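Student: Encoded as structure tokens, here's the structure I'll be asking about.
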Amino acid sequence: MRPLVDTGFGIVVDGPLTPDAAAGLRALVDGSGAVLVRRSGINSVEDLRRLVEGALGGLLPYDDASTPRTEVAPGVHTATEFPAELAIPPHNEQAYSSHAPRYLAFSCDRPADAGGTTQLVDSHRWHEEIPAPTRAQFDTGGVTYVRNYYPWLAPSWQTALRTDEPDVALQRCRADGIEASWRPDRLRTVHRRPATIRHPETGDTVWFNQAHLFHPARLDHDTRVALRDLYEPDALPRDARYGDGEPIPDDEIGEVLAAAQRCTVDVDLVAGDLLVLDNLRVAHGRLPFRGTRRMYVTMTERWKVPADG
């Protein structure tokens with residue numbers, strides 16, 4: 001084994017994974033936050049399912065989806081189907097939800113022709129890098145996520161809530177503490193969650209939210225203008241506010257993104273690599289790319305996000 005980076009997290013293991021090595025994978029992830037297995041020996045989706053289930057437990061469905069993905073086998077999805085020319089900023093999976101996966105496993109089937117670098121961020125260091133006044137606002141107030149599910153945008157409420165029944169959709173939202181209401185043209189949800197949590201094993205305070213992904217400030221100028229022309233502020237497809245519902249200033253989202261950039265580690269995955277993350281401790285993102293990039297993702301161990309962080 002050798003360090004993935006020299007900043008305090010992650011290790012690299014040379015594969016292929018033997019049954020004994022696979023059985024010890026969880027302990028390695030718990031100890032380091034991230035494990036990159038080079039030449040893992042995974043040659044198919046079924047190989048991935050079998051290995052992850054054996055090492056990390058049963059695979060989770062993609063509930064409360066916020067981005068489009070394709071399920072290729074039970075519990076195995078494509079990576080986020082986001083335009084190749086755009087970056088996906090680092091984030092912790094489903095940090096906006098009432099429950100989040102404890103572990104993520106990414107299997108590289110085919111790297112991009114160019115670009116597509118995976119980016120990792122130590123979420124404790126990210127929190128520490130955010131300027132103190134902005135950090136305190138999030139620490140004490142949390143984040144309110146607002147979503148408007150329009151029929152012409154993906155994912156639909158049917159996909160996110162895994163039902164075609166409007167009444168069942170409302171019931172599922174309310175069971176998770178989500179305020180939900182039907183409007184003439186859409187389902188609208190409002191969900192308050194913490195901005196930070198205390199890691200259950202390390203005890204560290206970690207940045208654990210997706211305010212920077214839901215907030216319009218991360219979008220390019222033309223897209224923001226188009227959204228402003230199409231939607232009233234309360235009707236944006238997605239938005240993030242402070243926990244009390246007050247708007248988050250654009251410059252504070254800029255500080256959050258800049259803090260992530262200062263502690264981002266780039267990892268170039270090649271065919272056959274397996275990257276396993278403690279989702280509560282390490283955020284992940286993706287740079288733009290060209291060509292075809294196939295990455296499969298699994299999630300395990302449903303973890304309840306504490307209401308107070």
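Labels used: A, B, ... for chains in the order of the structure tokens, numbers from 1 for residues in each chain, and numbers from 1 for ligands as shown.
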Hey, what's within 10 Å of Asp14 in chain A if we count only C-alpha atoms and toss same-chain stuff fewer than 2 positions away? As a list in words, please?
Tutor: Met1, Arg2, Val12, Pro16, Leu17, Leu36, Val37, Arg38, Arg39, Ser40 and Asp273 of chain A
Student: Please write the residues from the selection above to a file, keeping N, CA and C atoms, as an mmCIF file, in the first residue's frame.
Tutor:
```
data_model
loop_
_atom_site.group_PDB
_atom_site.id
_atom_site.type_symbol
_atom_site.label_atom_id
_atom_site.label_comp_id
_atom_site.auth_asym_id
_atom_site.auth_seq_id
_atom_site.Cartn_x
_atom_site.Cartn_y
_atom_site.Cartn_z
ATOM 1 N N MET A 1 0.845 -1.191 0.000
ATOM 2 C CA MET A 1 0.000 0.000 0.000
ATOM 3 C C MET A 1 0.882 1.243 0.000
ATOM 4 N N ARG A 2 0.379 2.315 -0.602
ATOM 5 C CA ARG A 2 1.096 3.582 -0.610
ATOM 6 C C ARG A 2 0.082 4.712 -0.543
ATOM 7 N N VAL A 12 -3.390 3.731 -1.962
ATOM 8 C CA VAL A 12 -3.452 3.011 -3.233
ATOM 9 C C VAL A 12 -3.082 1.557 -2.970
ATOM 10 N N PRO A 16 -4.878 -7.560 -8.792
ATOM 11 C CA PRO A 16 -6.321 -7.707 -8.571
ATOM 12 C C PRO A 16 -6.659 -8.069 -7.132
ATOM 13 N N LEU A 17 -7.912 -7.796 -6.751
ATOM 14 C CA LEU A 17 -8.360 -8.060 -5.396
ATOM 15 C C LEU A 17 -8.613 -9.553 -5.194
ATOM 16 N N LEU A 36 -7.938 3.524 -3.539
ATOM 17 C CA LEU A 36 -7.876 3.334 -4.984
ATOM 18 C C LEU A 36 -7.222 1.988 -5.258
ATOM 19 N N VAL A 37 -7.960 1.083 -5.889
ATOM 20 C CA VAL A 37 -7.431 -0.230 -6.231
ATOM 21 C C VAL A 37 -7.083 -0.220 -7.717
ATOM 22 N N ARG A 38 -5.794 -0.258 -8.015
ATOM 23 C CA ARG A 38 -5.348 -0.330 -9.403
ATOM 24 C C ARG A 38 -5.465 -1.768 -9.903
ATOM 25 N N ARG A 39 -5.976 -1.893 -11.153
ATOM 26 C CA ARG A 39 -6.132 -3.222 -11.765
ATOM 27 C C ARG A 39 -6.896 -4.149 -10.815
ATOM 28 N N SER A 40 -8.111 -3.723 -10.470
ATOM 29 C CA SER A 40 -8.897 -4.411 -9.445
ATOM 30 C C SER A 40 -9.310 -5.830 -9.829
ATOM 31 N N ASP A 273 -9.749 0.219 -12.739
ATOM 32 C CA ASP A 273 -9.567 0.804 -11.409
ATOM 33 C C ASP A 273 -10.879 0.774 -10.628
#
```
Student: Do you know which residues are at most 10 Å from Arg281 in chain A counting only C-alpha atoms, after dropping those on the same chain fewer than 6 positions away, and could you put them as a list of chain:residue names?
Tutor: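 Everything that qualifies: A:Phe9, A:Asp30, A:Ser32, A:Gly33, A:Ala34, A:Asn92, A:Arg102, A:Tyr103, A:Val121, A:Asp122, A:Ser123, A:His124, A:Arg125, A:Ile197, A:Arg198, A:His199, A:Pro200, A:Glu201, A:Thr202, A:Asp204, A:Thr205, A:Val206, A:Trp207, A:Phe208.
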Student: Taking 5 positions as the minimum chain separation for residues in the same chain, which residues sit within 12 Å of Phe82 in chain A when counting only C-alpha atoms? Answer as a list in words.
Tutor: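 Returned residues: Ser66, Thr67, Pro68, Arg69, Thr70, Ala87, Ile88, Pro89, Gly116, Ala154, Pro155, Gly285, Arg286, Leu287, Pro288, Phe289 and Arg293 of chain A.
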Student: Just to be explicit: take each residue in the selection above, keep all heavy atoms, and write the result as a short mmCIF file (atom, residue, chain, number, x, y, z; two decimals), in the first residue's frame.
Tutor:
```cif
data_model
loop_
_atom_site.label_atom_id
_atom_site.label_comp_id
_atom_site.auth_asym_id
_atom_site.auth_seq_id
_atom_site.Cartn_x
_atom_site.Cartn_y
_atom_site.Cartn_z
N SER A 66 -31.17 13.61 -7.47
CA SER A 66 -31.10 15.02 -7.86
C SER A 66 -30.46 15.20 -9.23
O SER A 66 -30.48 16.31 -9.78
CB SER A 66 -30.31 15.83 -6.82
OG SER A 66 -28.95 15.44 -6.82
N THR A 67 -29.87 14.14 -9.79
CA THR A 67 -29.25 14.21 -11.11
C THR A 67 -29.63 12.97 -11.91
O THR A 67 -29.93 11.91 -11.34
CB THR A 67 -27.72 14.28 -10.99
OG1 THR A 67 -27.26 13.16 -10.23
CG2 THR A 67 -27.28 15.56 -10.32
N PRO A 68 -29.61 13.07 -13.24
CA PRO A 68 -29.98 11.90 -14.06
C PRO A 68 -28.88 10.86 -14.10
O PRO A 68 -27.70 11.18 -14.25
CB PRO A 68 -30.21 12.52 -15.45
CG PRO A 68 -29.39 13.78 -15.46
CD PRO A 68 -29.41 14.28 -14.05
N ARG A 69 -29.28 9.60 -13.93
CA ARG A 69 -28.40 8.45 -14.05
C ARG A 69 -29.21 7.32 -14.66
O ARG A 69 -30.43 7.35 -14.66
CB ARG A 69 -27.87 7.99 -12.69
CG ARG A 69 -26.99 8.98 -11.97
CD ARG A 69 -26.53 8.39 -10.65
NE ARG A 69 -25.71 9.34 -9.90
CZ ARG A 69 -25.20 9.07 -8.72
NH1 ARG A 69 -25.44 7.91 -8.14
NH2 ARG A 69 -24.47 9.97 -8.10
N THR A 70 -28.50 6.29 -15.12
CA THR A 70 -29.15 5.11 -15.66
C THR A 70 -28.78 3.91 -14.82
O THR A 70 -27.59 3.69 -14.56
CB THR A 70 -28.73 4.87 -17.12
OG1 THR A 70 -29.11 6.00 -17.91
CG2 THR A 70 -29.42 3.62 -17.68
N ALA A 87 -17.94 20.85 -15.72
CA ALA A 87 -17.38 20.20 -14.54
C ALA A 87 -18.50 19.90 -13.54
O ALA A 87 -19.52 20.59 -13.48
CB ALA A 87 -16.33 21.07 -13.89
N ILE A 88 -18.29 18.86 -12.74
CA ILE A 88 -19.15 18.58 -11.59
C ILE A 88 -18.33 18.93 -10.35
O ILE A 88 -17.34 18.26 -10.06
CB ILE A 88 -19.58 17.11 -11.55
CG1 ILE A 88 -20.34 16.74 -12.83
CG2 ILE A 88 -20.45 16.85 -10.32
CD1 ILE A 88 -20.72 15.27 -12.91
N PRO A 89 -18.70 19.97 -9.62
CA PRO A 89 -17.90 20.36 -8.44
C PRO A 89 -17.89 19.26 -7.39
O PRO A 89 -18.82 18.45 -7.30
CB PRO A 89 -18.64 21.61 -7.92
CG PRO A 89 -19.41 22.13 -9.09
CD PRO A 89 -19.82 20.91 -9.86
N GLY A 116 -11.76 14.43 -17.81
CA GLY A 116 -12.57 13.55 -16.99
C GLY A 116 -11.93 13.16 -15.68
O GLY A 116 -12.34 12.18 -15.04
N ALA A 154 -35.16 16.63 -15.87
CA ALA A 154 -34.78 15.38 -15.23
C ALA A 154 -33.90 15.69 -14.01
O ALA A 154 -33.13 16.65 -14.03
CB ALA A 154 -34.02 14.49 -16.21
N PRO A 155 -34.01 14.86 -12.95
CA PRO A 155 -34.93 13.73 -12.83
C PRO A 155 -36.34 14.20 -12.45
O PRO A 155 -36.53 15.22 -11.81
CB PRO A 155 -34.31 12.91 -11.69
CG PRO A 155 -33.62 13.93 -10.84
CD PRO A 155 -33.10 14.97 -11.79
N GLY A 285 -15.76 14.85 -7.29
CA GLY A 285 -16.23 15.64 -8.42
C GLY A 285 -15.59 15.14 -9.70
O GLY A 285 -14.87 14.13 -9.70
N ARG A 286 -15.83 15.86 -10.80
CA ARG A 286 -15.33 15.42 -12.11
C ARG A 286 -15.05 16.62 -12.99
O ARG A 286 -15.87 17.55 -13.07
CB ARG A 286 -16.38 14.52 -12.78
CG ARG A 286 -15.93 13.86 -14.07
CD ARG A 286 -17.11 13.77 -15.07
NE ARG A 286 -17.42 15.06 -15.65
CZ ARG A 286 -18.57 15.33 -16.27
NH1 ARG A 286 -19.52 14.43 -16.34
NH2 ARG A 286 -18.77 16.53 -16.80
N LEU A 287 -13.90 16.60 -13.67
CA LEU A 287 -13.57 17.65 -14.62
C LEU A 287 -14.20 17.37 -15.98
O LEU A 287 -14.58 16.22 -16.27
CB LEU A 287 -12.05 17.78 -14.75
CG LEU A 287 -11.32 18.31 -13.53
CD1 LEU A 287 -9.82 18.38 -13.80
CD2 LEU A 287 -11.85 19.69 -13.12
N PRO A 288 -14.31 18.38 -16.83
CA PRO A 288 -14.85 18.16 -18.19
C PRO A 288 -14.00 17.14 -18.95
O PRO A 288 -12.83 16.90 -18.63
CB PRO A 288 -14.75 19.54 -18.83
CG PRO A 288 -14.75 20.50 -17.68
CD PRO A 288 -14.01 19.80 -16.59
N PHE A 289 -14.62 16.54 -19.98
CA PHE A 289 -13.88 15.54 -20.75
C PHE A 289 -14.35 15.52 -22.20
O PHE A 289 -15.37 16.12 -22.57
CB PHE A 289 -14.04 14.15 -20.11
CG PHE A 289 -15.44 13.59 -20.17
CD1 PHE A 289 -15.87 12.79 -21.21
CD2 PHE A 289 -16.34 13.85 -19.13
CE1 PHE A 289 -17.15 12.28 -21.25
CE2 PHE A 289 -17.63 13.33 -19.16
CZ PHE A 289 -18.04 12.53 -20.22
N ARG A 293 -16.81 8.23 -21.78
CA ARG A 293 -16.32 7.92 -20.43
C ARG A 293 -17.38 7.05 -19.74
O ARG A 293 -18.53 7.48 -19.58
CB ARG A 293 -16.10 9.21 -19.64
CG ARG A 293 -15.58 9.01 -18.20
CD ARG A 293 -15.41 10.38 -17.56
NE ARG A 293 -14.80 10.34 -16.25
CZ ARG A 293 -15.47 10.29 -15.09
NH1 ARG A 293 -16.79 10.23 -15.10
NH2 ARG A 293 -14.83 10.27 -13.93
#
```
Student: Please provide as a PyMOL selection string all residues within 9 Å of Arg290 in chain A, with the sequence filter that same-chain residues fewer than 5 positions apart are discarded (counting only C-alpha atoms).
Tutor: chain A and resi 84-85+112-116
Student: Those residues you just picked out, can you put them in a file as a short mmCIF file (atom, residue, chain, number, x, y, z; two decimals), in the first residue's frame with C-alpha atoms?
Tutor:
```cif
data_model
loop_
_atom_site.label_atom_id
_atom_site.label_comp_id
_atom_site.auth_asym_id
_atom_site.auth_seq_id
_atom_site.Cartn_x
_atom_site.Cartn_y
_atom_site.Cartn_z
CA ALA A 84 -19.17 16.34 -20.78
CA GLU A 85 -18.08 19.94 -21.35
CA ALA A 112 -12.38 9.52 -21.32
CA ASP A 113 -10.30 10.21 -24.42
CA ALA A 114 -9.14 13.40 -22.69
CA GLY A 115 -9.98 14.98 -19.34
CA GLY A 116 -12.57 13.55 -16.99
#
```
Student: Could you check which of A:Pro61, A:Gly245, A:Pro237, A:Pro131 is closest to Arg224 in chain A, using only C-alpha atoms?
Tutor: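 That would be A:Pro237, the residue with the smallest distance to Arg224 in chain A.
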Student: Using only C-alpha atoms, which protein or nucleic acid residues come within 12 Å of Val35 in chain A? Drop anything in the same chain fewer than 6 positions from it, and give the result as a ChimeraX atom specification.
Tutor: /A:1-5,9-15,22,24-29,103-106,120,267,273-279,282
Student: Those same residues, written as an mmCIF file, in the first residue's frame with N, CA and C atoms?
Tutor:
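What ended up in selection13.cif:
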```cif
data_model
loop_
_atom_site.group_PDB
_atom_site.id
_atom_site.type_symbol
_atom_site.label_atom_id
_atom_site.label_comp_id
_atom_site.auth_asym_id
_atom_site.auth_seq_id
_atom_site.Cartn_x
_atom_site.Cartn_y
_atom_site.Cartn_z
ATOM 1 N N MET A 1 0.845 -1.191 0.000
ATOM 2 C CA MET A 1 0.000 0.000 0.000
ATOM 3 C C MET A 1 0.882 1.243 0.000
ATOM 4 N N ARG A 2 0.379 2.315 -0.602
ATOM 5 C CA ARG A 2 1.096 3.582 -0.610
ATOM 6 C C ARG A 2 0.082 4.712 -0.543
ATOM 7 N N PRO A 3 0.490 5.908 -0.146
ATOM 8 C CA PRO A 3 -0.470 6.998 0.001
ATOM 9 C C PRO A 3 -1.091 7.393 -1.339
ATOM 10 N N LEU A 4 -2.377 7.707 -1.292
ATOM 11 C CA LEU A 4 -3.037 8.271 -2.468
ATOM 12 C C LEU A 4 -2.577 9.710 -2.660
ATOM 13 N N VAL A 5 -2.507 10.437 -1.556
ATOM 14 C CA VAL A 5 -2.036 11.824 -1.567
ATOM 15 C C VAL A 5 -1.204 12.034 -0.316
ATOM 16 N N PHE A 9 -5.102 11.693 3.667
ATOM 17 C CA PHE A 9 -6.144 10.695 3.440
ATOM 18 C C PHE A 9 -5.828 9.887 2.186
ATOM 19 N N GLY A 10 -6.355 8.679 2.170
ATOM 20 C CA GLY A 10 -6.307 7.864 0.965
ATOM 21 C C GLY A 10 -5.086 6.987 0.836
ATOM 22 N N ILE A 11 -5.311 5.786 0.291
ATOM 23 C CA ILE A 11 -4.215 4.870 -0.015
ATOM 24 C C ILE A 11 -4.461 4.238 -1.377
ATOM 25 N N VAL A 12 -3.390 3.731 -1.962
ATOM 26 C CA VAL A 12 -3.452 3.011 -3.233
ATOM 27 C C VAL A 12 -3.082 1.557 -2.970
ATOM 28 N N VAL A 13 -3.881 0.641 -3.520
ATOM 29 C CA VAL A 13 -3.638 -0.789 -3.386
ATOM 30 C C VAL A 13 -3.517 -1.366 -4.787
ATOM 31 N N ASP A 14 -2.522 -2.216 -4.992
ATOM 32 C CA ASP A 14 -2.378 -2.878 -6.278
ATOM 33 C C ASP A 14 -3.210 -4.156 -6.301
ATOM 34 N N GLY A 15 -4.037 -4.309 -7.354
ATOM 35 C CA GLY A 15 -4.866 -5.493 -7.523
ATOM 36 C C GLY A 15 -4.157 -6.537 -8.356
ATOM 37 N N ALA A 22 -10.437 -8.283 -0.619
ATOM 38 C CA ALA A 22 -11.758 -7.665 -0.755
ATOM 39 C C ALA A 22 -12.462 -7.611 0.592
ATOM 40 N N GLY A 24 -11.177 -7.222 3.431
ATOM 41 C CA GLY A 24 -10.586 -6.190 4.274
ATOM 42 C C GLY A 24 -10.737 -4.784 3.737
ATOM 43 N N LEU A 25 -11.483 -4.628 2.633
ATOM 44 C CA LEU A 25 -11.579 -3.329 1.975
ATOM 45 C C LEU A 25 -12.254 -2.293 2.874
ATOM 46 N N ARG A 26 -13.296 -2.697 3.562
ATOM 47 C CA ARG A 26 -14.018 -1.745 4.404
ATOM 48 C C ARG A 26 -13.107 -1.166 5.489
ATOM 49 N N ALA A 27 -12.306 -2.009 6.108
ATOM 50 C CA ALA A 27 -11.405 -1.513 7.148
ATOM 51 C C ALA A 27 -10.404 -0.519 6.580
ATOM 52 N N LEU A 28 -9.938 -0.759 5.367
ATOM 53 C CA LEU A 28 -9.005 0.170 4.743
ATOM 54 C C LEU A 28 -9.671 1.522 4.476
ATOM 55 N N VAL A 29 -10.925 1.483 4.014
ATOM 56 C CA VAL A 29 -11.652 2.733 3.745
ATOM 57 C C VAL A 29 -11.916 3.476 5.049
ATOM 58 N N TYR A 103 -20.870 4.584 1.999
ATOM 59 C CA TYR A 103 -19.762 4.238 1.113
ATOM 60 C C TYR A 103 -20.179 4.362 -0.347
ATOM 61 N N LEU A 104 -19.228 4.783 -1.176
ATOM 62 C CA LEU A 104 -19.387 4.830 -2.626
ATOM 63 C C LEU A 104 -18.264 4.028 -3.263
ATOM 64 N N ALA A 105 -18.596 3.311 -4.320
ATOM 65 C CA ALA A 105 -17.566 2.598 -5.080
ATOM 66 C C ALA A 105 -17.731 2.949 -6.554
ATOM 67 N N PHE A 106 -16.653 3.439 -7.168
ATOM 68 C CA PHE A 106 -16.634 3.832 -8.577
ATOM 69 C C PHE A 106 -15.753 2.850 -9.345
ATOM 70 N N LEU A 120 -11.067 14.726 -5.629
ATOM 71 C CA LEU A 120 -11.408 14.351 -4.261
ATOM 72 C C LEU A 120 -11.047 15.486 -3.307
ATOM 73 N N VAL A 267 -7.306 12.706 -9.348
ATOM 74 C CA VAL A 267 -6.995 11.288 -9.500
ATOM 75 C C VAL A 267 -7.444 10.853 -10.895
ATOM 76 N N ASP A 273 -9.749 0.219 -12.739
ATOM 77 C CA ASP A 273 -9.567 0.804 -11.409
ATOM 78 C C ASP A 273 -10.879 0.774 -10.628
ATOM 79 N N LEU A 274 -10.753 0.647 -9.316
ATOM 80 C CA LEU A 274 -11.878 0.745 -8.394
ATOM 81 C C LEU A 274 -11.522 1.784 -7.349
ATOM 82 N N LEU A 275 -12.402 2.771 -7.166
ATOM 83 C CA LEU A 275 -12.201 3.818 -6.170
ATOM 84 C C LEU A 275 -13.330 3.723 -5.151
ATOM 85 N N VAL A 276 -12.969 3.501 -3.888
ATOM 86 C CA VAL A 276 -13.966 3.359 -2.826
ATOM 87 C C VAL A 276 -13.780 4.501 -1.835
ATOM 88 N N LEU A 277 -14.897 5.180 -1.508
ATOM 89 C CA LEU A 277 -14.840 6.358 -0.652
ATOM 90 C C LEU A 277 -15.744 6.213 0.560
ATOM 91 N N ASP A 278 -15.301 6.782 1.674
ATOM 92 C CA ASP A 278 -16.176 7.072 2.799
ATOM 93 C C ASP A 278 -16.880 8.377 2.439
ATOM 94 N N ASN A 279 -18.151 8.290 2.071
ATOM 95 C CA ASN A 279 -18.887 9.441 1.568
ATOM 96 C C ASN A 279 -19.069 10.532 2.614
ATOM 97 N N VAL A 282 -15.072 12.127 2.470
ATOM 98 C CA VAL A 282 -14.393 12.543 1.239
ATOM 99 C C VAL A 282 -15.422 12.908 0.180
#
```
Student: Within 9 Å of Val305 in chain A, counting only C-alpha atoms, which residues show up once you throw out same-chain ones fewer than 2 positions away? Write them as a PDB file with C-alpha atoms, in the first residue's frame, please.
Tutor:
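File result-v8.pdb, as written:
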```pdb
ATOM      1  CA  ALA A  95     -25.828  15.318   1.487  1.00  0.00           C
ATOM      2  CA  SER A  97     -31.196  14.214   1.782  1.00  0.00           C
ATOM      3  CA  SER A  98     -32.446  12.727   5.057  1.00  0.00           C
ATOM      4  CA  HIS A  99     -30.284   9.670   4.426  1.00  0.00           C
ATOM      5  CA  ALA A 100     -26.979   9.347   2.605  1.00  0.00           C
ATOM      6  CA  ARG A 193     -30.701  19.934   6.462  1.00  0.00           C
ATOM      7  CA  PRO A 194     -27.441  20.591   8.343  1.00  0.00           C
ATOM      8  CA  ILE A 197     -21.953  16.881  10.519  1.00  0.00           C
ATOM      9  CA  TRP A 303     -26.857   6.450   6.942  1.00  0.00           C
ATOM     10  CA  ALA A 307     -31.202  16.700  12.025  1.00  0.00           C
ATOM     11  CA  ASP A 308     -28.865  18.935  14.018  1.00  0.00           C
ATOM     12  CA  GLY A 309     -25.652  17.839  12.296  1.00  0.00           C
TER      13      GLY A 309
END
```
Student: To test your reading of the structure, identify every residue in range 81-275 of chain A that backbone DSSP assigns to helix (DSSP H, G or I), and report it as JSON, numbers by chain.
Tutor: {"A": [123, 124, 125, 126, 127, 128, 129, 132, 133, 134, 135, 136, 137, 138, 139, 140, 141, 157, 158, 159, 160, 161, 166, 167, 168, 169, 170, 171, 172, 173, 174, 175, 211, 212, 213, 214, 216, 217, 218, 221, 222, 223, 224, 225, 226, 227, 228, 229, 230, 233, 234, 235, 250, 251, 252, 253, 254, 255, 256, 257, 258, 259, 260, 261, 262]}
Student: Store the residues of this selection in a file with C-alpha atoms, as a CSV table (one decimal), in the first residue's frame.
Tutor:
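Writing the result to out-v9.csv gives the following:
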```csv
chain,number,residue,atom,x,y,z
A,123,SER,CA,-14.4,17.3,3.8
A,124,HIS,CA,-12.9,18.2,7.2
A,125,ARG,CA,-10.2,20.2,5.6
A,126,TRP,CA,-12.8,21.8,3.2
A,127,HIS,CA,-14.7,23.0,6.3
A,128,GLU,CA,-11.6,24.5,7.8
A,129,GLU,CA,-10.7,26.3,4.6
A,132,ALA,CA,-14.8,31.9,9.4
A,133,PRO,CA,-17.7,34.3,9.0
A,134,THR,CA,-19.2,32.3,6.2
A,135,ARG,CA,-18.5,29.0,7.9
A,136,ALA,CA,-20.3,30.1,11.0
A,137,GLN,CA,-23.4,31.1,9.1
A,138,PHE,CA,-23.6,27.6,7.7
A,139,ASP,CA,-22.6,25.8,10.9
A,140,THR,CA,-25.4,27.5,12.9
A,141,GLY,CA,-28.1,27.9,10.2
A,157,TRP,CA,-40.5,13.5,-9.2
A,158,GLN,CA,-41.5,9.9,-10.2
A,159,THR,CA,-37.8,9.0,-10.6
A,160,ALA,CA,-36.6,10.8,-7.4
A,161,LEU,CA,-39.4,9.4,-5.2
A,166,PRO,CA,-48.9,11.8,-6.3
A,167,ASP,CA,-50.3,10.9,-2.9
A,168,VAL,CA,-47.6,8.4,-2.3
A,169,ALA,CA,-45.0,11.0,-3.3
A,170,LEU,CA,-46.3,13.4,-0.7
A,171,GLN,CA,-46.3,10.7,2.0
A,172,ARG,CA,-42.7,9.8,1.2
A,173,CYS,CA,-41.6,13.4,1.4
A,174,ARG,CA,-43.3,14.0,4.7
A,175,ALA,CA,-41.9,10.8,6.1
A,211,ALA,CA,-25.6,24.3,-1.2
A,212,HIS,CA,-23.0,25.1,-3.8
A,213,LEU,CA,-24.6,22.6,-6.3
A,214,PHE,CA,-28.2,23.8,-5.8
A,216,PRO,CA,-27.6,29.4,-9.0
A,217,ALA,CA,-24.3,31.1,-8.3
A,218,ARG,CA,-22.3,28.1,-9.6
A,221,HIS,CA,-23.8,33.8,-16.6
A,222,ASP,CA,-25.9,33.0,-19.7
A,223,THR,CA,-27.6,30.1,-17.9
A,224,ARG,CA,-28.4,32.2,-14.9
A,225,VAL,CA,-29.9,34.9,-17.1
A,226,ALA,CA,-32.1,32.4,-18.9
A,227,LEU,CA,-33.3,30.9,-15.6
A,228,ARG,CA,-34.1,34.4,-14.3
A,229,ASP,CA,-36.1,35.1,-17.4
A,230,LEU,CA,-38.0,31.8,-17.2
A,233,PRO,CA,-37.2,33.2,-7.6
A,234,ASP,CA,-39.4,30.7,-5.7
A,235,ALA,CA,-40.0,28.7,-8.8
A,250,ASP,CA,-23.4,34.7,-4.3
A,251,ASP,CA,-20.0,35.6,-2.9
A,252,GLU,CA,-20.4,33.2,0.0
A,253,ILE,CA,-21.0,30.3,-2.5
A,254,GLY,CA,-17.9,31.6,-4.2
A,255,GLU,CA,-16.0,31.2,-1.0
A,256,VAL,CA,-17.2,27.7,-0.5
A,257,LEU,CA,-16.1,26.7,-4.1
A,258,ALA,CA,-12.8,28.4,-3.7
A,259,ALA,CA,-12.1,26.6,-0.4
A,260,ALA,CA,-12.8,23.3,-2.2
A,261,GLN,CA,-10.4,24.1,-5.0
A,262,ARG,CA,-7.6,24.8,-2.5
```
Student: Quote the spacing between CA of Cys108 in chain A and CA of Tyr62 in chain A in Å to one decimal place.
Tutor: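 We find that CA of Cys108 in chain A and CA of Tyr62 in chain A lie 19.2 Å from each other.
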Student: Rank nothing, just name the residue among A:Ser156, A:Lys304, A:Pro111, A:Met299 nearest to Leu56 in chain A, using only C-alpha atoms.
Tutor: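 Among the listed residues, A:Met299 lies closest to Leu56 in chain A.
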